[in-house]
Amino acid sequence: MVSFESLKSEYERNWADLEIRPSRLGDANGVARKAINGKATYQQIERLTGVPWYFAALCHYRESNFDFDTYLGNGETLHRVTTIVPKGRGPFTTFVDGAVDAFRIENFIGAHDWGIARMLFRLEAFNGFGYHSKGCNSPYLYGGSTLYGPPEARAGKFVRDHVFDSNHVDSQLGTAVILHAMMSLDSSITLDGSPQFAGRTEPEDDAASTIVLMQQALNKLGANPPLVEDGISGPKTGAAVSQFQQQNGLRDTGLLDGATVAALTRATQAGGSVQSGDLSKILKRLEDLAHLLRPSAGGVTPGTTTPGNTLPATNDPINLFERLFSLINKTAPVPGPVSPTNPAPVDQLKQVVDLLSTLLNKDGKPVLGQVNGALGETIGKLLDGKKTALGIGGSVLTALLSSVTASPNAGGIAGLLGTIVSAVPGLSQFAMPISLALAAWGVLGKFEKWAQGTAPPPKPTT
């Protein structure tokens with residue numbers, strides 16, 4: 001696994017030794033001026049995310065050569081849903097909206113260390129660490145400097161996947177070179193070099209161990225080309241994740257979201273295929289619930305199911321859970337418009353199905369027994385009668401927190417919520433599916449009690 005600590009001293013040494021080649025100084029200054037011209041926009045992103053404006057500028061150069069009509073995550077247009085990793089993002093109203101989404105995906109929101117070594121590590125991670133094994137500095141960082149290319153240093157470039165040409169000199173300017181030029185033109189750029197909180201791990205460090213396990217799982221399942229198990233979710237890992245999602249009916253994003261991690265884990269345990277437990281009874285209960293509560297054409301809710309009005313058979317849990325979600329959502333509406341950074345309900349529900357199947361199944365067979373006793377005599381009893389309320393409350397709270405943007409200068413409730421959001425990067429990715437699963441579990445538990453005749457009698461009305 002590639003670790004920041006193992007490369008930190010190399011980045012610091014290279015930065016101290018970096019010199020822009022005289023023949024490229026004019027080009028570097030020209031690119032630096034373009035970056036500085038967009039400073040006001042990049043500072044908006046910094047205020048919303050905590051990511052330094054000059055780092056945002058370097059990412060923007062890398063992805064789309066400073067085109068403000070593009071999505072910072074991959075350079076595609078802002079005005080359509082993205083089709084390359086990360087897929088399914090947008091459309092976005094402004095460049096800033098898209099940039100905030102991209103930095104959230106990369107786990108940069110909540111990061112504290114923006115010293116030069118950590119920035120160079122993050123920038124190189126976008127392109128991969130393969131140059132280290134070739135004894136060559138990455139042109140992605142150092143192109144146009146004396147640290148890359150003859151006569152002072154070695155040349156070389158990966159001209160395509162796994163093909164390294166040691167004689168090829170990359171003509172593109174590196175991001176470290178551009179940052180060096182920016183600092184000579186804008187004295188406000190200062191690099192602290194030490195994290196705000198010493199000893200605190202950064203978000204990408206926390207995610208690295210999980211990413212390594214998923215890369216190992218993808219390799220075990222036959223990823224082609226095989227992935228370097230480095231703990232970095234780069235372009236090749238994203239492509240392999242996308243292929244797995246397509247093959248297993250998951251939302252194709254190329255991102256290691258909760259549903260994909262669960263499905264990959266089950267696939268490796270099951271020997272290569274995702275096995276689903278027998279959910280027929282649960283699905284039938286959900287279908288009955290949807291039928292009983294679905295308004296008829298005349299606006300009247302039917303009360304019973306007649307033998308002559310049988311429901312069409314279906315094995316699509318997503319459709320059924322989506323109906324259930326719509327019923328829950330009518331009970332507890334979430335104020336405000338749906339943000340493009342929040343997955344659509346059907347995507348969250350797909351995660352619910354996978355997480356439920358992973359948490360509540362063993363060896364491909366359901367272990368629920370009674371729905372209300374799914375977690376045994378301890379936690380099961382503790383949650384008895386509380387699951388639906390907790391699930392709906394958690395879903396509403398998660399949606400509200402996910403719509404809050406971290407702001408270190410905010411006060412009152414906004415400051416408190418912003419602190420929570422910044423402290424828990426990717427909050428909705430895991431919390432929302434679990435909350436929805438808890439709500440669904442509670443509803444199913446009510447049906448089980450009704451079926452067994454153990455439900456408490458309705459309270460008398462006066």
# chains A, B, ... in the order shown; residues from 1 in each chain; ligands from 1
call {"tool": "residues_around", "arguments": {"residues": "A:Gly26", "least_positions_apart": "4", "cutoff": "12 Å", "atoms": "only C-alpha atoms", "output": "list in words"}}
result
Ile20, Arg21, Pro22, Gly30, Val31, Ala32, Arg33, Gly144, Leu173, Val177, Ile178 and Ala181 of chain A
call {"tool": "select_by_dssp", "arguments": {"residues": "stretch 61-174 of chain A", "states": "strand (DSSP E or B)", "output": "VMD selection string"}}
result
chain A and resid 70 77 145 157 to 160 163 to 165
call {"tool": "residues_around", "arguments": {"residues": "stretch 79-84 of chain A", "least_positions_apart": "3", "cutoff": "10 Å", "atoms": "only C-alpha atoms", "output": "PyMOL selection string"}}
result
chain A and resi 69-71+73-76+87-94+235+238-239+242+252-254+340
call {"tool": "write_last_selection", "arguments": {"atoms": "N, CA, C and O atoms", "output": "short mmCIF file (atom, residue, chain, number, x, y, z; two decimals), in the first residue's frame"}}
result
data_model
loop_
_atom_site.label_atom_id
_atom_site.label_comp_id
_atom_site.auth_asym_id
_atom_site.auth_seq_id
_atom_site.Cartn_x
_atom_site.Cartn_y
_atom_site.Cartn_z
N ASP A 69 -16.93 25.88 -17.36
CA ASP A 69 -18.18 25.25 -17.75
C ASP A 69 -18.09 23.74 -17.61
O ASP A 69 -18.88 23.01 -18.20
N THR A 70 -17.14 23.26 -16.81
CA THR A 70 -16.92 21.83 -16.66
C THR A 70 -17.00 21.41 -15.20
O THR A 70 -16.89 22.22 -14.29
N TYR A 71 -17.17 20.10 -15.01
CA TYR A 71 -17.21 19.49 -13.68
C TYR A 71 -15.79 19.20 -13.23
O TYR A 71 -15.02 18.53 -13.94
N GLY A 73 -14.54 17.21 -11.21
CA GLY A 73 -14.19 15.82 -10.96
C GLY A 73 -13.64 15.08 -12.15
O GLY A 73 -12.88 14.11 -12.00
N ASN A 74 -14.02 15.49 -13.38
CA ASN A 74 -13.53 14.76 -14.55
C ASN A 74 -13.48 15.58 -15.84
O ASN A 74 -13.14 15.05 -16.90
N GLY A 75 -13.82 16.87 -15.77
CA GLY A 75 -13.72 17.72 -16.95
C GLY A 75 -14.89 17.68 -17.89
O GLY A 75 -14.87 18.36 -18.93
N GLU A 76 -15.94 16.92 -17.57
CA GLU A 76 -17.13 16.89 -18.43
C GLU A 76 -17.98 18.14 -18.21
O GLU A 76 -17.83 18.86 -17.22
N LYS A 87 -19.18 8.74 -12.37
CA LYS A 87 -20.38 8.77 -13.21
C LYS A 87 -21.60 9.21 -12.40
O LYS A 87 -21.64 9.08 -11.18
N GLY A 88 -22.59 9.70 -13.14
CA GLY A 88 -23.87 10.00 -12.52
C GLY A 88 -23.90 11.24 -11.67
O GLY A 88 -24.82 11.42 -10.87
N ARG A 89 -22.93 12.13 -11.82
CA ARG A 89 -22.92 13.37 -11.03
C ARG A 89 -23.55 14.49 -11.86
O ARG A 89 -23.37 14.56 -13.06
N GLY A 90 -24.25 15.38 -11.19
CA GLY A 90 -24.83 16.51 -11.88
C GLY A 90 -26.20 16.21 -12.47
O GLY A 90 -26.79 15.17 -12.20
N PRO A 91 -26.69 17.12 -13.32
CA PRO A 91 -26.03 18.38 -13.74
C PRO A 91 -25.93 19.39 -12.59
O PRO A 91 -26.66 19.28 -11.61
N PHE A 92 -25.03 20.37 -12.76
CA PHE A 92 -24.78 21.37 -11.73
C PHE A 92 -25.06 22.76 -12.29
O PHE A 92 -24.84 23.04 -13.47
N THR A 93 -25.55 23.64 -11.41
CA THR A 93 -25.87 25.00 -11.82
C THR A 93 -24.62 25.83 -12.03
O THR A 93 -24.53 26.61 -12.98
N THR A 94 -23.63 25.65 -11.16
CA THR A 94 -22.42 26.46 -11.24
C THR A 94 -21.18 25.58 -11.11
O THR A 94 -21.24 24.44 -10.61
N PRO A 235 -8.02 6.27 -11.34
CA PRO A 235 -8.80 5.99 -12.55
C PRO A 235 -8.98 4.50 -12.83
O PRO A 235 -10.08 4.07 -13.22
N GLY A 238 -11.38 3.01 -10.36
CA GLY A 238 -12.73 3.47 -10.71
C GLY A 238 -13.32 2.70 -11.87
O GLY A 238 -14.50 2.35 -11.87
N ALA A 239 -12.50 2.42 -12.89
CA ALA A 239 -12.99 1.66 -14.06
C ALA A 239 -13.36 0.25 -13.66
O ALA A 239 -14.38 -0.31 -14.13
N SER A 242 -16.60 0.35 -11.73
CA SER A 242 -17.70 0.57 -12.67
C SER A 242 -18.10 -0.72 -13.37
O SER A 242 -19.30 -1.03 -13.51
N ASP A 252 -24.16 2.50 -11.58
CA ASP A 252 -22.84 2.61 -12.19
C ASP A 252 -22.27 4.00 -11.95
O ASP A 252 -22.59 4.95 -12.65
N THR A 253 -21.40 4.11 -10.93
CA THR A 253 -20.76 5.38 -10.60
C THR A 253 -19.24 5.31 -10.66
O THR A 253 -18.59 6.33 -10.80
N GLY A 254 -18.69 4.11 -10.52
CA GLY A 254 -17.24 3.98 -10.41
C GLY A 254 -16.72 4.33 -9.03
O GLY A 254 -15.52 4.38 -8.82
N PRO A 340 -28.12 18.09 -6.05
CA PRO A 340 -27.54 17.13 -6.97
C PRO A 340 -26.45 16.29 -6.34
O PRO A 340 -26.07 15.28 -6.87
#
call {"tool": "closest_residue", "arguments": {"among": "A:Ala176, A:Val163, A:Leu255, A:Leu191", "to": "A:Gly130", "atoms": "only C-alpha atoms"}}
result
A:Val163
call {"tool": "closest_residue", "arguments": {"among": "A:Lys39, A:His112, A:Arg104, A:Arg62", "to": "A:Tyr140", "atoms": "only C-alpha atoms"}}
result
A:Arg62
call {"tool": "atom_distance", "arguments": {"atom1": "atom CA of A:Ala28", "atom2": "atom CA of A:Leu120"}}
result
17.3 Å
call {"tool": "residues_around", "arguments": {"residues": "stretch 199-216 of chain A", "least_positions_apart": "4", "cutoff": "7 Å", "atoms": "only C-alpha atoms", "output": "ChimeraX atom specification"}}
result
/A:107-108,111-112,220,227,229-233
call {"tool": "residues_around", "arguments": {"residues": "A:Phe126", "least_positions_apart": "3", "cutoff": "8 Å", "atoms": "only C-alpha atoms", "output": "list in words"}}
result
Arg122, Leu123, Gly234 and Pro235 of chain A
call {"tool": "write_last_selection", "arguments": {"atoms": "all heavy atoms", "output": "compact mmCIF listing (two decimals), in the first residue's frame"}}
result
# COMPACT_ATOMS: atom_id res chain seq x y z
N ARG A 122 -1.46 14.25 -2.89
CA ARG A 122 -2.83 14.20 -3.41
C ARG A 122 -2.87 14.42 -4.91
O ARG A 122 -3.65 13.77 -5.63
CB ARG A 122 -3.68 15.25 -2.69
CG ARG A 122 -4.00 14.88 -1.25
CD ARG A 122 -4.66 15.99 -0.47
NE ARG A 122 -5.07 15.51 0.84
CZ ARG A 122 -5.07 16.23 1.96
NH1 ARG A 122 -4.69 17.51 1.92
NH2 ARG A 122 -5.44 15.71 3.10
N LEU A 123 -2.04 15.31 -5.42
CA LEU A 123 -2.02 15.55 -6.85
C LEU A 123 -1.49 14.33 -7.62
O LEU A 123 -2.04 13.96 -8.66
CB LEU A 123 -1.16 16.78 -7.16
CG LEU A 123 -1.75 18.13 -6.74
CD1 LEU A 123 -0.69 19.22 -6.80
CD2 LEU A 123 -2.94 18.50 -7.64
N GLY A 234 -7.90 5.48 -7.74
CA GLY A 234 -7.59 6.24 -8.94
C GLY A 234 -8.41 5.82 -10.14
O GLY A 234 -9.38 5.06 -10.01
N PRO A 235 -8.02 6.27 -11.34
CA PRO A 235 -8.80 5.99 -12.55
C PRO A 235 -8.98 4.50 -12.83
O PRO A 235 -10.08 4.07 -13.22
CB PRO A 235 -8.00 6.67 -13.66
CG PRO A 235 -7.21 7.73 -12.96
CD PRO A 235 -6.88 7.18 -11.61
call {"tool": "select_by_dssp", "arguments": {"residues": "stretch 200-263 of chain A", "states": "alpha helix (DSSP H)", "output": "ChimeraX atom specification"}}
result
/A:203-220,235-247,258-263
call {"tool": "closest_residue", "arguments": {"among": "A:Met183, A:His162, A:Leu221, A:Ile45", "to": "A:Thr265", "atoms": "only C-alpha atoms"}}
result
A:Leu221
